[in-house]
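Shown below: input_1.txt, with compact mmCIF, C-alpha atoms.
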```
# COMPACT_ATOMS: atom_id res chain seq x y z
CA ASP A 8 -0.29 -2.32 17.40
CA GLU A 9 1.34 -2.75 14.01
CA TYR A 10 -1.72 -1.18 12.39
CA VAL A 11 -2.01 1.63 14.95
CA LEU A 12 1.68 2.49 14.63
CA ASN A 13 1.39 2.55 10.84
CA PHE A 14 -1.57 4.90 11.20
CA MET A 15 0.46 7.08 13.56
CA GLN A 16 3.32 7.12 11.06
CA GLN A 17 0.97 8.46 8.40
CA LYS A 18 -0.33 11.17 10.72
CA LEU A 19 3.18 12.24 11.74
CA GLN A 20 4.24 12.62 8.13
CA LYS A 21 1.35 15.05 7.56
CA SER A 22 1.85 16.98 10.81
CA THR A 23 3.09 20.56 10.95
CA LEU A 24 6.44 20.97 12.70
CA PRO A 25 7.19 21.25 15.56
CA LEU A 26 4.97 18.40 16.65
CA PHE A 27 3.93 16.66 19.84
CA ALA A 28 2.31 13.24 19.57
CA THR A 29 1.28 10.45 21.93
CA GLN A 30 0.60 6.81 21.23
CA TYR A 31 -1.11 4.97 24.07
CA ASN A 32 -0.93 1.29 23.27
CA ILE A 33 -3.44 -1.04 24.90
CA SER A 34 -3.78 -3.86 22.39
CA THR A 35 -0.80 -5.66 23.92
CA HIS A 36 -2.13 -5.19 27.44
CA TYR A 37 -2.17 -8.81 28.60
CA PRO A 38 -4.45 -10.76 28.40
CA ASN A 39 -4.73 -10.06 24.70
CA ASP A 40 -4.88 -11.86 21.38
CA LEU A 41 -1.84 -11.81 19.14
CA THR A 42 -2.26 -11.34 15.41
CA GLY A 43 -2.59 -14.60 13.53
CA ALA A 44 0.76 -14.20 11.80
CA PHE A 45 2.71 -13.49 14.98
CA ALA A 46 0.91 -16.21 16.93
CA LYS A 47 1.95 -18.73 14.28
CA LYS A 48 5.49 -17.35 14.25
CA THR A 49 5.91 -17.85 18.01
CA GLN A 50 3.75 -20.90 18.64
CA LYS A 51 6.74 -23.19 19.20
CA LEU A 52 8.42 -20.89 21.72
CA SER A 53 7.95 -22.11 25.29
CA LEU A 54 7.37 -18.64 26.76
CA PRO A 55 4.55 -17.20 28.90
CA PRO A 56 1.84 -15.47 26.82
CA ALA A 57 2.66 -12.08 28.39
CA LEU A 58 6.25 -12.31 27.13
CA LYS A 59 5.03 -13.12 23.63
CA SER A 60 2.90 -9.96 23.80
CA MET A 61 6.03 -7.98 24.67
CA MET A 62 7.89 -9.59 21.78
CA TYR A 63 5.08 -8.59 19.45
CA TYR A 64 5.16 -4.95 20.51
CA ASP A 65 8.95 -4.94 20.28
CA GLU A 66 8.69 -6.07 16.66
CA CYS A 67 6.06 -3.39 15.98
CA LEU A 68 8.38 -0.71 17.35
CA GLN A 69 11.29 -1.98 15.25
CA HIS A 70 9.15 -1.51 12.16
CA PHE A 71 7.99 1.93 13.31
CA PHE A 72 11.53 3.21 13.92
CA SER A 73 12.75 1.71 10.66
CA GLN A 74 10.24 3.93 8.88
CA ALA A 75 10.58 6.95 11.17
CA SER A 76 14.39 7.09 10.89
CA GLY A 77 14.01 8.16 7.25
CA GLN A 78 11.70 11.08 8.00
CA PRO A 79 12.98 14.69 8.12
CA TRP A 80 11.62 15.23 11.65
CA PHE A 81 13.32 12.17 13.15
CA ALA A 82 16.66 13.74 14.13
CA ASN A 83 14.86 16.62 15.87
CA THR A 84 12.52 14.41 17.86
CA VAL A 85 12.83 12.94 21.36
CA PHE A 86 10.99 9.70 22.08
CA ILE A 87 9.84 8.92 25.62
CA PHE A 88 8.48 5.53 26.64
CA CYS A 89 6.75 4.94 29.96
CA SER A 90 4.64 2.17 31.37
CA ASP A 91 1.43 3.27 33.07
CA HIS A 92 1.68 0.56 35.71
CA TRP A 93 3.72 -2.41 36.84
CA VAL A 94 3.28 -6.02 35.75
CA ASN A 95 5.19 -9.22 36.38
CA PRO A 96 5.01 -11.59 33.40
CA ASP A 97 6.06 -14.52 35.59
CA PRO A 98 2.94 -16.72 35.95
CA THR A 99 4.30 -18.11 39.25
CA HIS A 100 4.27 -14.65 40.83
CA THR A 101 1.67 -14.20 43.57
CA ALA A 102 1.42 -11.02 45.63
CA GLU A 103 2.24 -7.46 44.60
CA ASP A 104 4.75 -5.52 46.66
CA VAL A 105 4.76 -1.99 48.08
CA VAL A 106 7.95 -1.17 46.16
CA ASN A 107 8.07 -3.49 43.15
CA SER A 108 4.47 -2.73 42.16
CA PHE A 109 5.59 0.86 41.48
CA ARG A 110 8.77 -0.05 39.65
CA ILE A 111 8.14 0.71 35.98
CA PRO A 112 10.44 1.42 33.02
CA ILE A 113 11.00 4.89 31.60
CA PHE A 114 13.13 5.19 28.44
CA ILE A 115 14.28 8.36 26.72
CA PHE A 116 15.65 8.11 23.19
CA ASP A 117 17.27 11.11 21.52
CA PRO A 118 18.52 10.10 18.03
CA VAL A 119 21.21 12.80 17.92
CA ARG A 120 22.73 11.82 21.26
CA ASN A 121 24.51 8.48 21.26
CA GLN A 122 24.44 8.46 25.04
CA LYS A 123 23.71 5.26 26.95
CA LYS A 124 22.96 6.13 30.54
CA VAL A 125 21.12 4.30 33.30
CA ILE A 126 19.59 6.24 36.19
CA SER A 127 19.39 3.99 39.22
CA ASN A 128 18.06 6.64 41.63
CA PRO A 129 14.30 6.88 42.22
CA VAL A 130 12.43 8.81 39.52
CA SER A 131 8.73 9.46 38.93
CA GLN A 132 6.16 9.59 36.15
CA LEU A 133 5.78 13.22 37.22
CA ASP A 134 9.30 13.80 35.86
CA ILE A 135 8.11 13.22 32.29
CA MET A 136 6.42 16.63 31.98
CA ASN A 137 9.54 18.43 33.22
CA THR A 138 11.70 16.41 30.83
CA VAL A 139 9.49 17.28 27.83
CA LEU A 140 9.52 20.97 28.74
CA THR A 141 13.31 20.94 29.07
CA TYR A 142 13.77 19.38 25.63
CA ALA A 143 11.30 21.92 24.22
CA GLY A 144 13.34 24.79 25.69
CA ILE A 145 10.46 26.04 27.86
CA LYS A 146 11.80 28.11 30.77
CA ASP A 147 8.58 29.45 32.27
CA SER A 148 8.03 29.02 36.00
CA ILE A 149 5.55 26.25 36.78
CA ILE A 150 4.33 24.30 39.79
CA SER A 151 5.59 20.76 39.43
CA TYR A 152 6.29 17.74 41.61
CA GLY A 153 8.79 16.36 39.14
CA ILE A 154 12.25 17.15 37.82
CA SER A 155 13.86 16.95 34.40
CA LEU A 156 15.65 13.68 33.73
CA THR A 157 18.06 15.31 31.28
CA GLY A 158 20.54 16.19 34.02
CA ALA A 159 22.04 14.43 37.01
CA THR A 160 19.51 13.06 39.48
CA ASP A 161 19.87 13.36 43.23
CA SER A 162 20.96 10.14 44.95
CA ASN A 163 18.83 11.27 47.92
CA ARG A 164 15.77 11.79 45.72
CA MET A 165 12.37 11.00 47.23
CA VAL A 166 9.32 10.11 45.14
CA PHE A 167 5.68 9.65 46.13
CA THR A 168 3.20 6.97 45.16
CA LYS A 169 -0.45 6.30 45.91
CA ILE A 170 -1.69 2.93 47.15
CA ASN A 171 -5.37 3.92 47.38
CA ASN A 172 -7.48 6.96 48.29
CA ALA A 173 -6.09 6.98 51.83
CA VAL A 174 -2.58 5.52 51.76
CA TYR A 175 0.38 7.23 50.11
CA GLN A 176 4.03 6.20 50.05
CA ALA A 177 7.36 8.02 50.12
CA ILE A 178 10.26 6.10 48.59
CA ASN A 179 13.95 7.00 48.50
CA ASN A 180 16.99 4.88 47.66
CA LYS A 181 16.80 3.07 51.00
CA TYR A 182 13.34 3.20 52.63
CA VAL A 183 9.66 3.01 51.75
CA LEU A 184 7.21 4.72 54.10
CA GLY A 185 3.44 4.16 54.06
CA PHE A 186 1.25 7.00 55.34
CA ASN A 187 -2.52 7.15 55.89
CA ALA A 188 -3.57 10.63 54.82
CA GLU A 189 -7.06 10.33 56.30
CA GLU A 190 -5.75 9.40 59.74
CA GLY A 191 -2.65 11.58 59.48
CA LYS A 192 -0.23 8.90 60.62
CA ALA A 193 2.49 6.63 59.25
CA LEU A 194 1.65 2.93 58.94
CA TYR A 195 4.95 1.26 58.08
CA CYS A 196 8.52 1.80 57.00
CA TYR A 197 10.80 -0.84 55.48
CA ALA A 198 14.46 -0.83 54.51
CA TYR A 199 13.37 -2.44 51.25
CA LYS A 200 16.79 -3.22 49.81
CA THR A 201 17.73 -5.46 52.74
CA ASP A 202 14.30 -6.46 54.01
CA LEU A 203 13.22 -8.13 50.77
CA LYS A 204 10.04 -9.63 52.22
CA ARG A 205 9.04 -6.41 54.04
CA GLU A 206 8.85 -8.23 57.36
CA ARG A 207 10.57 -5.71 59.66
CA ASN A 208 8.57 -2.55 60.20
CA ILE A 209 11.12 -0.07 61.58
CA LEU A 210 8.66 2.76 62.11
CA SER A 211 9.02 2.68 65.90
CA GLN A 212 12.81 2.82 65.81
CA GLN A 213 14.74 6.05 66.26
CA ASN A 214 15.95 6.74 62.76
CA ALA A 215 16.73 10.11 61.18
CA GLY A 216 16.06 8.73 57.69
CA VAL A 217 12.58 7.55 58.66
CA ASP A 218 11.83 10.86 60.37
CA SER A 219 12.87 12.70 57.21
CA LEU A 220 10.48 10.61 55.11
CA GLN A 221 7.59 11.33 57.48
CA GLN A 222 8.22 15.08 57.39
CA ALA A 223 8.55 15.09 53.61
CA MET A 224 5.34 13.09 53.24
CA LYS A 225 3.37 15.52 55.42
CA ALA A 226 4.77 18.48 53.49
CA PHE A 227 3.92 16.83 50.16
CA LEU A 228 0.32 16.09 51.18
CA GLN A 229 -0.21 19.59 52.58
CA THR A 230 1.25 21.28 49.51
CA ALA A 231 -0.56 19.07 47.00
CA SER A 232 -3.86 19.50 48.84
CA GLY A 233 -3.45 23.26 48.73
CA HIS A 234 -2.73 23.19 45.00
CA TYR A 235 -5.74 20.99 44.29
CA ARG A 236 -8.16 23.11 46.31
CA THR A 237 -7.08 26.57 45.19
CA LYS A 238 -6.28 28.15 41.83
CA ASN A 239 -3.29 30.05 43.19
```

Encoded form (structure tokens):
Amino acid sequence: DEYVLNFMQQKLQKSTLPLFATQYNISTHYPNDLTGAFAKKTQKLSLPPALKSMMYYDECLQHFFSQASGQPWFANTVFIFCSDHWVNPDPTHTAEDVVNSFRIPIFIFDPVRNQKKVISNPVSQLDIMNTVLTYAGIKDSIISYGISLTGATDSNRMVFTKINNAVYQAINNKYVLGFNAEEGKALYCYAYKTDLKRERNILSQQNAGVDSLQQAMKAFLQTASGHYRTKN
């Protein structure tokens, strides 16, 4: 990554402003080989290999931002970091989880705003497009399943995830609902903050919150299907 980020730095310096650029890093996608210098530097640290990969990329980013901060475009640029999928670097970890396996980091860094804010409500990768358009000042009407993360987020926000080609999930700040789109029926619902092992399926209980998730899921699938199948 240190070489790719240096290459990106060179390209950015030659780019016409305003610019939009993406760096998709995969060389630190564990399992991977560290560079010889960094492997030697960290060989005495008793850490899992995946954590050493993270340390390596962190050092690469430090170098990148040290260079970028001196460029004329830096103060007018917003940097957005997002993981494409979840991973647990703990080698003792066993099974993935219907909630934790969709919990990924999203960071937004605006050099001119010294604002440290943590959003604890559910957000989505789909929010990234809306956030970019907001920073760019685009006000056109678009069809989107996301929101901009520049403002306050709704504590009752609901986001959708996809387990496989049949099963989708709706997640809010309290429940996770699994829904089979092919069969048109809900499969499970867990109060994931209290039921940490997802052992109590509350789908059959009378619960307004669960009913709301089911209705929202059906509406989401119907709307998305219509958008996929038609141009209008």

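Distance annotation: of A:Ile87, A:Asn187, A:Asn171, A:Lys204, the residue with the minimal separation from A:Thr138 is A:Ile87; atom set is all atoms listed in the file.
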
Give me the residues of stretch 93-142 of chain A that have any atom at most 7 Å from an atom of stretch 151-163 of chain A; for each, the nearest atom pair and the distance in Å, rounded to one decimal. Use all atoms listed in the file, sort by chain and number, and format it as a tab-separated table.
```
residue	atom	partner	partner_atom	distance
A:Asn128	CA	A:Ser162	CA	5.6
A:Ser131	CA	A:Gly153	CA	6.9
A:Leu133	CA	A:Gly153	CA	4.8
A:Asp134	CA	A:Gly153	CA	4.2
A:Asn137	CA	A:Ser155	CA	4.7
A:Thr138	CA	A:Ser155	CA	4.2
A:Thr141	CA	A:Ser155	CA	6.7
```

* Go through A:Phe116, A:Phe109, A:Tyr63, A:Phe186 one by one, measure the shortest atom-to-atom distance of each to A:Phe81 using all atoms listed in the file, and give the residue with the smallest value. => A:Phe116

* **Gap from atom CA of A:Asn83 to atom CA of A:Cys67 - Å, one decimal** =>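 It comes out at 21.9 Å.
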
* Dig up all the protein and nucleic acid residues within 9 Å of (8.2, 13.2, 46.9) in the file frame, using all atoms listed in the file, and format them as a ChimeraX atom specification. => /A:131,152-153,164-168,176-179,220,223-224,227

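Here atom CA of A:Ala226 stands at a distance of 22.7 Å from atom CA of A:Tyr199.
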
* Asked: Counting all atoms listed in the file, what is within 10 Å of A:Phe45, bar same-chain residues fewer than 5 positions away, as a PyMOL selection string?
  -> chain A and resi 50+59-60+62-63+66
